[in-house]
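Everything below belongs to run_22.cif, which stores mmCIF, C-alpha atoms and all ligand atoms.
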```cif
data_structure
#
loop_
_atom_site.label_atom_id
_atom_site.label_comp_id
_atom_site.auth_asym_id
_atom_site.auth_seq_id
_atom_site.Cartn_x
_atom_site.Cartn_y
_atom_site.Cartn_z
CA MET C 1 -12.15 -65.24 64.14
CA GLY C 2 -10.92 -61.80 63.03
CA PRO C 3 -12.88 -59.00 61.45
CA HIS C 4 -11.97 -60.06 57.91
CA ALA C 5 -13.40 -63.54 58.19
CA MET C 6 -16.51 -64.29 56.14
CA PRO C 7 -19.35 -66.56 57.26
CA HIS C 8 -18.62 -70.21 56.50
CA THR C 9 -20.52 -71.58 53.52
CA GLU C 10 -19.92 -74.71 51.46
CA ASP C 11 -18.03 -73.12 48.57
CA ARG C 12 -16.76 -69.82 49.89
CA ALA C 13 -13.46 -69.62 51.75
CA ASP C 14 -12.43 -66.80 54.04
CA VAL C 15 -9.04 -66.87 52.34
CA LEU C 16 -8.16 -68.22 48.89
CA VAL C 17 -4.42 -68.54 48.28
CA VAL C 18 -3.39 -68.53 44.62
CA GLY C 19 -0.14 -70.48 44.48
CA GLY C 20 0.94 -73.48 46.54
CA GLY C 21 4.69 -72.91 46.78
CA VAL C 22 6.21 -72.58 50.25
CA ILE C 23 5.00 -68.98 50.53
CA GLY C 24 1.41 -69.81 49.60
CA LEU C 25 1.42 -72.90 51.82
CA VAL C 26 2.79 -71.12 54.89
CA THR C 27 0.24 -68.36 54.40
CA ALA C 28 -2.54 -70.94 54.21
CA TRP C 29 -1.28 -72.86 57.25
CA ARG C 30 -0.89 -69.77 59.41
CA ALA C 31 -4.26 -68.35 58.31
CA ALA C 32 -5.95 -71.66 59.12
CA GLY C 33 -4.24 -71.52 62.51
CA ARG C 34 -6.06 -68.22 63.14
CA GLY C 35 -9.42 -69.93 62.63
CA LEU C 36 -9.95 -68.84 59.00
CA ARG C 37 -11.38 -71.18 56.40
CA VAL C 38 -8.67 -71.46 53.78
CA ALA C 39 -8.31 -72.89 50.28
CA VAL C 40 -5.23 -73.12 48.02
CA VAL C 41 -5.29 -73.16 44.21
CA ASP C 42 -2.34 -74.90 42.56
CA PRO C 43 -2.10 -77.81 40.11
CA GLU C 44 0.92 -79.17 42.00
CA PRO C 45 1.18 -77.81 45.54
CA GLY C 46 4.75 -77.84 46.85
CA ARG C 47 6.31 -77.63 43.39
CA GLY C 48 7.11 -73.92 43.30
CA ALA C 49 10.56 -72.33 43.11
CA ALA C 50 11.52 -74.06 46.37
CA TRP C 51 11.51 -77.40 44.56
CA VAL C 52 14.73 -76.29 42.90
CA ALA C 53 16.15 -74.13 45.71
CA ALA C 54 19.18 -75.17 47.72
CA GLY C 55 17.61 -73.98 50.97
CA MET C 56 20.32 -71.68 52.28
CA LEU C 57 19.08 -69.36 55.01
CA ALA C 58 21.56 -66.76 53.87
CA ALA C 59 20.53 -63.49 55.50
CA VAL C 60 24.15 -62.40 55.77
CA THR C 61 25.97 -64.12 52.91
CA GLU C 62 23.44 -62.91 50.32
CA LEU C 63 23.45 -59.31 51.55
CA HIS C 64 23.99 -56.81 48.76
CA HIS C 65 24.50 -53.05 48.71
CA GLY C 66 21.19 -51.19 48.95
CA GLU C 67 19.36 -54.07 50.67
CA GLU C 68 19.68 -52.92 54.27
CA ALA C 69 15.86 -52.84 54.83
CA LEU C 70 15.55 -56.34 53.43
CA LEU C 71 18.39 -57.45 55.70
CA ASP C 72 16.31 -56.64 58.80
CA LEU C 73 13.43 -58.77 57.51
CA ASN C 74 15.79 -61.60 56.54
CA LEU C 75 17.48 -61.59 59.95
CA ALA C 76 14.11 -61.54 61.72
CA SER C 77 12.96 -64.56 59.71
CA ALA C 78 16.26 -66.40 60.30
CA ALA C 79 15.82 -65.85 64.04
CA ARG C 80 12.37 -67.48 63.84
CA TYR C 81 13.60 -70.60 62.04
CA PRO C 82 14.44 -72.90 64.98
CA ALA C 83 11.02 -72.44 66.62
CA PHE C 84 9.26 -72.52 63.23
CA ALA C 85 11.02 -75.77 62.27
CA ALA C 86 10.08 -77.37 65.60
CA GLU C 87 6.44 -76.26 65.33
CA LEU C 88 6.08 -77.39 61.72
CA THR C 89 7.78 -80.72 62.43
CA GLU C 90 5.27 -81.29 65.22
CA ALA C 91 2.28 -80.22 63.09
CA ALA C 92 3.25 -82.33 60.07
CA GLY C 93 4.95 -85.22 61.82
CA ALA C 94 7.86 -84.75 59.40
CA ASP C 95 11.30 -83.23 59.67
CA ILE C 96 12.21 -80.25 57.41
CA GLY C 97 15.98 -80.78 57.40
CA TYR C 98 16.78 -77.62 59.35
CA ARG C 99 20.50 -77.63 60.04
CA ASP C 100 22.32 -74.93 62.04
CA CYS C 101 25.65 -75.58 60.40
CA GLY C 102 26.72 -72.04 59.44
CA THR C 103 28.40 -70.92 56.24
CA LEU C 104 31.94 -70.31 55.05
CA GLN C 105 32.29 -67.78 52.25
CA VAL C 106 35.65 -68.09 50.51
CA ALA C 107 37.73 -66.41 47.81
CA LEU C 108 39.86 -68.15 45.22
CA ASP C 109 41.89 -65.31 43.77
CA ALA C 110 42.86 -61.73 44.54
CA ASP C 111 39.77 -60.30 42.77
CA ASP C 112 37.43 -62.59 44.70
CA ARG C 113 39.20 -61.62 47.88
CA ALA C 114 38.78 -57.90 47.13
CA GLU C 115 35.06 -58.48 46.51
CA LEU C 116 34.72 -60.41 49.74
CA ARG C 117 36.53 -57.66 51.65
CA GLU C 118 33.99 -55.16 50.25
CA LEU C 119 31.16 -57.35 51.49
CA GLU C 120 32.84 -57.66 54.86
CA LEU C 121 32.88 -53.84 55.15
CA LEU C 122 29.20 -53.67 54.20
CA ARG C 123 28.41 -56.25 56.85
CA ARG C 124 30.33 -54.40 59.49
CA ARG C 125 28.48 -51.18 58.55
CA CYS C 126 25.24 -53.12 59.10
CA GLY C 127 26.42 -54.25 62.55
CA LEU C 128 26.97 -57.86 61.51
CA ALA C 129 29.75 -59.94 62.93
CA ALA C 130 32.08 -61.53 60.42
CA SER C 131 35.42 -63.13 61.14
CA TRP C 132 38.05 -63.12 58.40
CA LEU C 133 40.06 -66.32 57.97
CA THR C 134 43.24 -67.11 56.06
CA GLY C 135 43.21 -69.85 53.43
CA ARG C 136 44.85 -72.22 55.89
CA GLU C 137 42.21 -71.47 58.53
CA CYS C 138 39.47 -72.12 55.95
CA ARG C 139 40.99 -75.52 55.16
CA ARG C 140 41.28 -76.33 58.85
CA LEU C 141 37.50 -75.89 59.05
CA GLU C 142 36.81 -77.68 55.77
CA PRO C 143 39.75 -79.96 54.87
CA MET C 144 38.38 -80.87 51.41
CA LEU C 145 38.71 -77.26 50.17
CA ALA C 146 41.20 -76.64 47.36
CA PRO C 147 44.69 -75.37 48.21
CA GLY C 148 43.87 -72.35 45.99
CA VAL C 149 41.37 -70.93 48.50
CA ARG C 150 42.95 -67.62 49.56
CA GLY C 151 40.81 -66.66 52.51
CA GLY C 152 37.24 -66.37 53.63
CA LEU C 153 34.59 -65.20 56.01
CA ARG C 154 33.03 -67.42 58.61
CA VAL C 155 29.34 -66.64 59.01
CA ASP C 156 28.03 -68.82 61.80
CA GLY C 157 24.41 -67.61 61.64
CA ASP C 158 23.59 -68.56 58.00
CA HIS C 159 22.08 -72.04 58.17
CA GLN C 160 20.05 -74.28 55.83
CA THR C 161 16.88 -76.27 55.52
CA ASP C 162 15.67 -78.77 52.92
CA PRO C 163 13.12 -76.93 50.74
CA ARG C 164 11.45 -80.09 49.41
CA ARG C 165 10.91 -81.37 52.94
CA LEU C 166 9.75 -77.91 53.96
CA ALA C 167 7.16 -77.85 51.17
CA ALA C 168 5.97 -81.39 51.92
CA ALA C 169 5.64 -80.64 55.64
CA LEU C 170 3.71 -77.44 54.93
CA ARG C 171 1.35 -79.33 52.64
CA THR C 172 0.69 -81.94 55.33
CA ALA C 173 0.29 -79.29 58.02
CA CYS C 174 -2.22 -77.48 55.79
CA GLU C 175 -4.19 -80.67 55.19
CA ARG C 176 -4.24 -81.41 58.92
CA ALA C 177 -5.43 -77.86 59.59
CA GLY C 178 -8.36 -78.31 57.18
CA VAL C 179 -7.02 -76.30 54.23
CA VAL C 180 -8.81 -77.30 51.00
CA PHE C 181 -6.67 -77.84 47.87
CA HIS C 182 -7.96 -77.11 44.36
CA ARG C 183 -5.51 -78.80 41.99
CA ASP C 184 -5.97 -76.51 39.02
CA GLU C 185 -4.58 -73.25 37.58
CA ALA C 186 -6.18 -69.96 38.53
CA ARG C 187 -7.22 -68.51 35.17
CA GLU C 188 -8.56 -65.14 36.26
CA LEU C 189 -9.04 -62.96 39.31
CA THR C 190 -12.66 -61.91 39.70
CA VAL C 191 -13.29 -58.31 40.69
CA VAL C 192 -16.73 -56.96 41.49
CA GLY C 193 -16.88 -53.20 41.83
CA ASP C 194 -13.73 -52.23 43.74
CA ARG C 195 -13.21 -55.57 45.36
CA ALA C 196 -11.48 -58.86 44.50
CA THR C 197 -13.93 -61.70 45.07
CA GLY C 198 -11.99 -64.87 44.16
CA VAL C 199 -10.82 -66.60 41.01
CA VAL C 200 -12.03 -68.57 38.02
CA LEU C 201 -10.13 -71.82 37.58
CA ALA C 202 -8.77 -73.06 34.25
CA GLY C 203 -11.39 -75.82 34.44
CA GLY C 204 -14.12 -73.16 34.60
CA ASP C 205 -15.12 -73.39 38.28
CA ARG C 206 -15.56 -70.13 40.17
CA LEU C 207 -14.17 -69.91 43.69
CA GLY C 208 -15.34 -67.09 45.90
CA ALA C 209 -13.42 -65.81 48.92
CA GLY C 210 -13.52 -63.02 51.45
CA GLN C 211 -9.88 -62.39 50.68
CA THR C 212 -7.63 -63.66 47.93
CA VAL C 213 -3.86 -63.91 48.41
CA LEU C 214 -1.69 -63.73 45.31
CA ALA C 215 1.26 -66.04 46.01
CA ALA C 216 1.94 -67.22 42.47
CA GLY C 217 5.69 -66.52 42.46
CA CYS C 218 7.09 -65.19 39.20
CA ARG C 219 3.68 -65.55 37.51
CA SER C 220 1.95 -63.28 40.03
CA GLY C 221 1.84 -60.25 37.74
CA GLU C 222 0.37 -62.32 34.90
CA LEU C 223 -2.93 -63.34 36.46
CA ALA C 224 -5.75 -62.23 34.14
CA GLY C 225 -8.26 -59.91 35.73
CA LEU C 226 -5.70 -57.92 37.73
CA PRO C 227 -6.60 -54.27 37.21
CA PRO C 228 -3.85 -52.63 35.07
CA GLU C 229 -2.78 -50.13 37.73
CA LEU C 230 -2.36 -53.00 40.18
CA ARG C 231 -0.40 -55.10 37.69
CA ALA C 232 2.19 -52.30 37.59
CA ARG C 233 2.53 -52.60 41.37
CA VAL C 234 3.34 -56.31 41.15
CA PRO C 235 6.56 -56.12 39.11
CA VAL C 236 7.64 -59.71 39.63
CA ARG C 237 9.87 -61.26 36.97
CA PRO C 238 11.47 -64.70 36.64
CA VAL C 239 15.22 -65.00 37.24
CA LYS C 240 16.43 -68.40 36.17
CA GLY C 241 18.71 -70.48 38.37
CA GLN C 242 20.19 -73.81 37.36
CA VAL C 243 21.35 -76.26 40.03
CA VAL C 244 23.14 -79.59 40.13
CA ARG C 245 22.58 -82.25 42.79
CA LEU C 246 25.28 -84.74 43.69
CA ARG C 247 25.10 -87.54 46.22
CA ILE C 248 27.75 -88.47 48.73
CA PRO C 249 27.43 -92.28 48.90
CA PRO C 250 26.94 -93.90 52.32
CA GLY C 251 30.28 -94.69 53.90
CA TYR C 252 32.12 -91.70 52.38
CA ALA C 253 33.58 -89.16 54.76
CA PRO C 254 31.44 -85.99 54.78
CA PHE C 255 32.72 -83.64 52.07
CA LEU C 256 31.69 -80.50 53.90
CA SER C 257 30.36 -79.79 57.36
CA ARG C 258 28.73 -76.47 56.44
CA THR C 259 27.58 -74.51 53.41
CA VAL C 260 30.49 -73.16 51.38
CA ARG C 261 30.05 -70.36 48.92
CA ALA C 262 32.30 -68.22 46.80
CA VAL C 263 32.50 -65.66 44.07
CA VAL C 264 34.43 -67.35 41.26
CA ARG C 265 35.38 -65.02 38.38
CA GLY C 266 32.51 -62.76 39.40
CA ALA C 267 29.84 -65.52 39.54
CA GLN C 268 28.32 -66.83 42.77
CA VAL C 269 28.56 -70.53 43.47
CA TYR C 270 27.49 -72.38 46.57
CA LEU C 271 27.67 -75.95 47.85
CA VAL C 272 25.05 -77.00 50.36
CA PRO C 273 25.68 -80.34 52.13
CA ARG C 274 22.62 -82.01 53.57
CA LEU C 275 22.56 -84.60 56.33
CA SER C 276 20.85 -86.93 53.83
CA GLY C 277 24.08 -87.04 51.81
CA GLU C 278 22.84 -84.72 49.08
CA LEU C 279 25.23 -81.98 47.95
CA VAL C 280 23.44 -79.17 46.11
CA ILE C 281 25.50 -76.93 43.86
CA GLY C 282 23.92 -73.69 42.70
CA ALA C 283 23.08 -71.51 41.09
CA THR C 284 23.25 -69.60 37.87
CA THR C 285 21.52 -66.22 37.61
CA GLU C 286 19.97 -65.70 34.17
CA GLU C 287 17.47 -63.16 32.89
CA LEU C 288 15.80 -65.31 30.24
CA GLY C 289 12.11 -64.92 30.99
CA PHE C 290 10.21 -68.12 31.68
CA ASP C 291 12.84 -70.43 30.19
CA THR C 292 13.66 -73.42 32.42
CA THR C 293 15.97 -75.29 30.07
CA VAL C 294 18.94 -76.93 31.73
CA THR C 295 21.88 -76.03 29.52
CA ALA C 296 25.29 -77.60 29.06
CA GLY C 297 26.79 -74.16 29.69
CA GLY C 298 24.95 -73.70 32.97
CA VAL C 299 25.90 -77.12 34.30
CA TYR C 300 29.49 -76.67 33.08
CA GLN C 301 29.79 -73.32 34.87
CA LEU C 302 28.51 -74.75 38.15
CA LEU C 303 30.66 -77.88 38.07
CA ARG C 304 33.75 -75.96 36.94
CA ASP C 305 33.42 -73.38 39.71
CA ALA C 306 32.48 -75.92 42.36
CA HIS C 307 35.41 -78.10 41.30
CA GLU C 308 37.81 -75.20 41.83
CA LEU C 309 36.58 -74.99 45.40
CA LEU C 310 36.21 -78.68 46.11
CA PRO C 311 38.18 -80.84 43.63
CA GLY C 312 36.88 -84.09 45.15
CA ILE C 313 33.37 -83.58 43.75
CA THR C 314 34.31 -85.21 40.44
CA GLU C 315 34.02 -88.68 41.98
CA LEU C 316 30.46 -88.14 43.28
CA PRO C 317 27.37 -89.44 41.47
CA LEU C 318 25.41 -86.69 39.73
CA VAL C 319 21.75 -87.33 40.47
CA GLU C 320 19.85 -84.34 39.15
CA THR C 321 20.15 -81.14 37.15
CA LEU C 322 17.29 -78.69 37.00
CA ALA C 323 16.37 -75.06 36.60
CA GLY C 324 13.92 -72.91 38.52
CA LEU C 325 12.63 -69.36 38.41
CA ARG C 326 13.17 -66.94 41.29
CA PRO C 327 10.29 -64.48 41.62
CA ALA C 328 12.31 -61.26 41.66
CA THR C 329 11.25 -57.64 42.19
CA PRO C 330 13.20 -54.49 41.22
CA ASP C 331 14.53 -54.04 44.79
CA ASN C 332 14.93 -57.79 45.50
CA ALA C 333 12.46 -57.56 48.41
CA PRO C 334 9.09 -59.28 48.65
CA LEU C 335 5.60 -57.87 48.23
CA LEU C 336 3.57 -58.41 51.39
CA GLY C 337 0.05 -57.62 52.55
CA PRO C 338 -2.64 -55.32 51.15
CA SER C 339 -2.36 -54.78 47.41
CA GLY C 340 -4.36 -51.58 47.09
CA LEU C 341 -7.38 -53.54 45.80
CA GLU C 342 -9.85 -54.46 48.55
CA GLY C 343 -9.96 -58.20 49.10
CA LEU C 344 -6.57 -58.88 47.50
CA GLN C 345 -3.38 -59.38 49.48
CA LEU C 346 0.12 -60.17 48.22
CA ALA C 347 2.70 -62.72 49.31
CA THR C 348 5.10 -62.86 46.40
CA GLY C 349 8.35 -61.55 44.92
CA HIS C 350 10.66 -63.22 47.46
CA GLY C 351 13.47 -63.52 44.91
CA ARG C 352 16.51 -65.28 46.38
CA ASN C 353 15.01 -65.40 49.85
CA GLY C 354 11.76 -67.38 49.65
CA VAL C 355 12.84 -70.28 51.85
CA LEU C 356 14.46 -67.93 54.36
CA LEU C 357 11.40 -65.66 54.50
CA THR C 358 8.85 -68.47 54.83
CA PRO C 359 8.35 -68.20 58.63
CA ILE C 360 7.99 -64.43 58.77
CA THR C 361 5.79 -64.28 55.66
CA GLY C 362 3.31 -66.72 57.18
CA GLU C 363 3.24 -64.72 60.38
CA ALA C 364 2.87 -61.34 58.64
CA LEU C 365 0.14 -62.50 56.25
CA ALA C 366 -1.86 -64.21 59.02
CA GLU C 367 -1.80 -60.92 60.91
CA SER C 368 -2.77 -58.91 57.85
CA LEU C 369 -5.57 -61.33 56.92
CA THR C 370 -7.09 -61.28 60.40
CA THR C 371 -6.60 -57.64 61.40
CA GLY C 372 -6.19 -55.83 58.07
CA GLU C 373 -2.80 -54.52 59.29
CA LEU C 374 0.70 -55.81 58.64
CA PRO C 375 3.07 -56.01 61.60
CA ASP C 376 5.52 -53.06 61.72
CA TYR C 377 8.45 -55.11 60.42
CA ALA C 378 6.56 -55.95 57.19
CA ARG C 379 5.21 -52.49 56.37
CA PRO C 380 8.15 -51.39 54.19
CA PHE C 381 7.28 -54.26 51.84
CA THR C 382 3.81 -53.40 50.58
CA ALA C 383 3.14 -52.89 46.87
CA GLY C 384 2.73 -49.15 47.49
CA ARG C 385 6.49 -48.72 47.02
CA PHE C 386 6.03 -49.58 43.34
CA ALA C 387 3.23 -47.06 42.79
CA THR C 388 3.42 -45.91 39.20
CA GLU C 389 4.61 -42.44 38.36
CA THR C 390 4.18 -40.76 35.01
CA ARG C 391 7.56 -39.61 33.74
CA GLU C 392 7.98 -36.70 31.37
CA VAL C 393 10.14 -37.88 28.48
CA PRO C 394 11.80 -34.96 26.62
CA ALA C 395 10.77 -34.80 22.97
N1 LIG N 1 19.29 -68.07 47.46
C1 LIG N 1 20.04 -68.75 46.51
C2 LIG N 1 19.76 -68.40 45.12
O1 LIG N 1 18.86 -67.63 44.85
O2 LIG N 1 20.45 -68.88 44.25
#
```
What is this structure when it is put down as structure tokens?
Ligand code: GLY
Amino acid sequence: MGPHAMPHTEDRADVLVVGGGVIGLVTAWRAAGRGLRVAVVDPEPGRGAAWVAAGMLAAVTELHHGEEALLDLNLASAARYPAFAAELTEAAGADIGYRDCGTLQVALDADDRAELRELELLRRRCGLAASWLTGRECRRLEPMLAPGVRGGLRVDGDHQTDPRRLAAALRTACERAGVVFHRDEARELTVVGDRATGVVLAGGDRLGAGQTVLAAGCRSGELAGLPPELRARVPVRPVKGQVVRLRIPPGYAPFLSRTVRAVVRGAQVYLVPRLSGELVIGATTEELGFDTTVTAGGVYQLLRDAHELLPGITELPLVETLAGLRPATPDNAPLLGPSGLEGLQLATGHGRNGVLLTPITGEALAESLTTGELPDYARPFTAGRFATETREVPA
């Protein structure tokens, strides 16, 4: 047991994780694996943002200008996925739908192609391989693609997993590792002196812990009791994404053999084919606060853009539409490790990359919780980078 562990008592955990999405669950599982006594607070563990996510492990195809530091973390987590998937499958006795199928990123018109060429240059500057294909070569790989596809990039290292299976497996692995679940909301962080000491639940119970981990996704900055200066260092906001799920009926030829994504009239769309026959189409990007309404406009946009790429989708049964909230930070990178308040660590703000960053977040937080130090690769992602500055505003 590491230096941060507390003596075991009936009602006091070494580590109390606030939030039972995939990030909170992996933190709990990995901390329990280090011999810590762990509890998770969540009314519905496994129902975080990953419930809606498509599960792309898109370190390369979601790279944007200015995110080179995040790219290193994303690539490191992607590299861990095969071993992580095997270990979790063994621990939970359940498969997580990891599929090393690669991704094809295509362009439909000259503007899309110019944008894709820009991204190709950025990738090359970052030392990433990317092979440019003509429209005909794209269709040779994926024969169901529309004749209008003008070209694309083949990115063989961007794979996928099934986020719902991932969450369920993590929950089982946690239970098997002795993690205790409190199915309630955390109402307030308790702070005594200069130290976080646990939470008060909505039902009124107090839970004490040696260390509390804030893993509450886009609601992380809202937890009552967070000292104001710390709240400013947890600038996590919700970014809405609507998705549509179709089903390829048994007996149909597979529509796609890999993830296909595109920029259509400036908006991202992706189609993620699962071995189960599910085809996930996502996602809108909307800054609308905590709104999770599925709108006709959102679904129309997704189906219209997906149909331009893959006209055959119109014959598939539509099984689900839903909207989720990405927990985004100003630089699109997560908040990991010590918060600046003794006894409180962060595992939140994973934005578009929560499923991808699950393995490395669990590893980094387990290290931080047992030694008090994040591994080198995670140090650029502490909350210190959002330290508040007072700005002089001219009168
Ligand atoms: N990573 C996919 C999305 O955020 O839509």
Within 9 Å of ligand LIG 1 (chain N), counting all atoms listed in the file: which residues, as a list in words?
->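 With all atoms listed in the file and a cut-off of 9 Å, ligand LIG 1 (chain N) is contacted by Ala53, Ala54, Gly55, Met56, Leu57, Ala58, Glu62, Val239, Gly241, Gln242, Val243, Gln268, Val269, Tyr270, Gly282, Ala283, Thr284, Thr285, Arg326, Gly351, Arg352, Asn353, Gly354, Val355 and Leu356 of chain C.
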Residue with the minimum atom-to-atom distance to Ala364 (chain C), picked from C:Val40, C:Ala50, C:Leu189, C:Ala76 with all atoms listed in the file counted, is C:Ala76
Min atom-atom distance to Leu271 (chain C) from the set C:Val22, C:Val191, C:Leu16, C:Leu104, counting all atoms listed in the file, belongs to C:Leu104
Determine the nearest neighbour of Asp331 (chain C) from the options C:Ala168, C:Val180, C:Leu70, C:Val52, counting only C-alpha atoms.
->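 With only C-alpha atoms as the atom set, the closest residue is C:Leu70.
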Let me have the centre and edge lengths of the axis-aligned box enclosing all listed atoms of region 307-314 of chain C with 6 Å padding on every side, in Å to one decimal, as AutoDock Vina command-line options.
```
--center_x 35.8 --center_y -80.1 --center_z 43.3 --size_x 16.8 --size_y 22.2 --size_z 17.7
```
Identify, on the basis of all atoms listed in the file, every residue whose closest approach to Pro338 (chain C) does not exceed 9 Å; exclude the query and any residue fewer than 3 positions from it along the same chain; express the result as a PyMOL selection string.
-> chain C and resi 341-346+368-369+372-374+382-384
Counting only C-alpha atoms, note down every residue that has an atom within 6 Å of the point (-1.2, -78.5, 41.6) (file coordinates), as a ChimeraX atom specification.
-> /C:42-45,183-184
Could you dump the residues just selected with C-alpha atoms as an mmCIF file, keeping the file's coordinate frame?
```cif
data_model
loop_
_atom_site.group_PDB
_atom_site.id
_atom_site.type_symbol
_atom_site.label_atom_id
_atom_site.label_comp_id
_atom_site.auth_asym_id
_atom_site.auth_seq_id
_atom_site.Cartn_x
_atom_site.Cartn_y
_atom_site.Cartn_z
ATOM 1 C CA ASP C 42 -2.340 -74.900 42.560
ATOM 2 C CA PRO C 43 -2.100 -77.810 40.110
ATOM 3 C CA GLU C 44 0.920 -79.170 42.000
ATOM 4 C CA PRO C 45 1.180 -77.810 45.540
ATOM 5 C CA ARG C 183 -5.510 -78.800 41.990
ATOM 6 C CA ASP C 184 -5.970 -76.510 39.020
#
```
Between C:Leu303, C:Gly46, C:Gly193, C:Gly198, which one has atoms that come closest to Arg245 (chain C), using all atoms listed in the file?
-> C:Leu303
Exercise: Asp95 (chain C) partners within 10 Å, all atoms listed in the file, chain neighbours under 3 positions left out, as a short mmCIF file (atom, residue, chain, number, x, y, z; two decimals) with C-alpha atoms, keeping the file's coordinate frame:
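Saved file part-v2.cif follows:
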```
data_model
loop_
_atom_site.label_atom_id
_atom_site.label_comp_id
_atom_site.auth_asym_id
_atom_site.auth_seq_id
_atom_site.Cartn_x
_atom_site.Cartn_y
_atom_site.Cartn_z
CA ALA C 85 11.02 -75.77 62.27
CA ALA C 86 10.08 -77.37 65.60
CA LEU C 88 6.08 -77.39 61.72
CA THR C 89 7.78 -80.72 62.43
CA GLU C 90 5.27 -81.29 65.22
CA ALA C 92 3.25 -82.33 60.07
CA TYR C 98 16.78 -77.62 59.35
CA THR C 161 16.88 -76.27 55.52
CA ASP C 162 15.67 -78.77 52.92
CA ARG C 165 10.91 -81.37 52.94
CA LEU C 166 9.75 -77.91 53.96
CA ALA C 168 5.97 -81.39 51.92
CA ALA C 169 5.64 -80.64 55.64
#
```
Best match for closeness to Glu278 (chain C) among C:Val319, C:Ala83, C:Val299, C:Ala347, counting all atoms listed in the file |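 Going through C:Val319, C:Ala83, C:Val299, C:Ala347 one by one, the smallest distance to Glu278 (chain C) is for C:Val319.
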Can you tell me, as a VMD selection string, what residues are no more than 10 Å from Ala107 (chain C) when counting all atoms listed in the file, ignoring any on the same chain fewer than 6 positions away?
-> chain C and resid 113 to 117 134 to 135 148 to 153 261 to 265 309
The distance between CA of Gly19 (chain C) and CA of Val294 (chain C) is 23.8 Å
Minimum-distance residue to Thr358 (chain C), chosen among C:Thr371, C:Ala253, C:Glu137, C:Pro334 (using only C-alpha atoms) |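 Among the listed residues, the smallest separation from Thr358 (chain C) belongs to C:Pro334.
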Repaired coordinates for region 302-316 of chain C (N, CA and C atoms) as a PDB file, keeping the file's coordinate frame:
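Saved the output as out-v3.pdb:
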```
ATOM      1  N   LEU C 302      28.652 -74.368  36.734  1.00  0.00           N
ATOM      2  CA  LEU C 302      28.510 -74.750  38.150  1.00  0.00           C
ATOM      3  C   LEU C 302      29.556 -75.781  38.550  1.00  0.00           C
ATOM      4  N   LEU C 303      29.710 -76.809  37.703  1.00  0.00           N
ATOM      5  CA  LEU C 303      30.660 -77.880  38.070  1.00  0.00           C
ATOM      6  C   LEU C 303      32.099 -77.365  38.028  1.00  0.00           C
ATOM      7  N   ARG C 304      32.386 -76.512  37.034  1.00  0.00           N
ATOM      8  CA  ARG C 304      33.750 -75.960  36.940  1.00  0.00           C
ATOM      9  C   ARG C 304      34.069 -75.134  38.190  1.00  0.00           C
ATOM     10  N   ASP C 305      33.141 -74.248  38.574  1.00  0.00           N
ATOM     11  CA  ASP C 305      33.420 -73.380  39.710  1.00  0.00           C
ATOM     12  C   ASP C 305      33.443 -74.174  41.019  1.00  0.00           C
ATOM     13  N   ALA C 306      32.512 -75.110  41.135  1.00  0.00           N
ATOM     14  CA  ALA C 306      32.480 -75.920  42.360  1.00  0.00           C
ATOM     15  C   ALA C 306      33.741 -76.786  42.454  1.00  0.00           C
ATOM     16  N   HIS C 307      34.205 -77.263  41.306  1.00  0.00           N
ATOM     17  CA  HIS C 307      35.410 -78.100  41.300  1.00  0.00           C
ATOM     18  C   HIS C 307      36.636 -77.314  41.728  1.00  0.00           C
ATOM     19  N   GLU C 308      36.669 -76.015  41.385  1.00  0.00           N
ATOM     20  CA  GLU C 308      37.810 -75.200  41.830  1.00  0.00           C
ATOM     21  C   GLU C 308      37.830 -75.073  43.343  1.00  0.00           C
ATOM     22  N   LEU C 309      36.641 -75.090  43.942  1.00  0.00           N
ATOM     23  CA  LEU C 309      36.580 -74.990  45.400  1.00  0.00           C
ATOM     24  C   LEU C 309      36.807 -76.330  46.075  1.00  0.00           C
ATOM     25  N   LEU C 310      36.260 -77.374  45.457  1.00  0.00           N
ATOM     26  CA  LEU C 310      36.210 -78.680  46.110  1.00  0.00           C
ATOM     27  C   LEU C 310      36.534 -79.751  45.050  1.00  0.00           C
ATOM     28  N   PRO C 311      37.813 -79.968  44.749  1.00  0.00           N
ATOM     29  CA  PRO C 311      38.180 -80.840  43.630  1.00  0.00           C
ATOM     30  C   PRO C 311      37.600 -82.241  43.745  1.00  0.00           C
ATOM     31  N   GLY C 312      37.363 -82.714  44.956  1.00  0.00           N
ATOM     32  CA  GLY C 312      36.880 -84.090  45.150  1.00  0.00           C
ATOM     33  C   GLY C 312      35.499 -84.360  44.605  1.00  0.00           C
ATOM     34  N   ILE C 313      34.753 -83.326  44.202  1.00  0.00           N
ATOM     35  CA  ILE C 313      33.370 -83.580  43.750  1.00  0.00           C
ATOM     36  C   ILE C 313      33.306 -84.438  42.495  1.00  0.00           C
ATOM     37  N   THR C 314      34.400 -84.492  41.728  1.00  0.00           N
ATOM     38  CA  THR C 314      34.310 -85.210  40.440  1.00  0.00           C
ATOM     39  C   THR C 314      33.999 -86.690  40.628  1.00  0.00           C
ATOM     40  N   GLU C 315      34.287 -87.234  41.790  1.00  0.00           N
ATOM     41  CA  GLU C 315      34.020 -88.680  41.980  1.00  0.00           C
ATOM     42  C   GLU C 315      32.596 -88.963  42.463  1.00  0.00           C
ATOM     43  N   LEU C 316      31.801 -87.934  42.715  1.00  0.00           N
ATOM     44  CA  LEU C 316      30.460 -88.140  43.280  1.00  0.00           C
ATOM     45  C   LEU C 316      29.431 -88.403  42.175  1.00  0.00           C
TER      46      LEU C 316
END
```
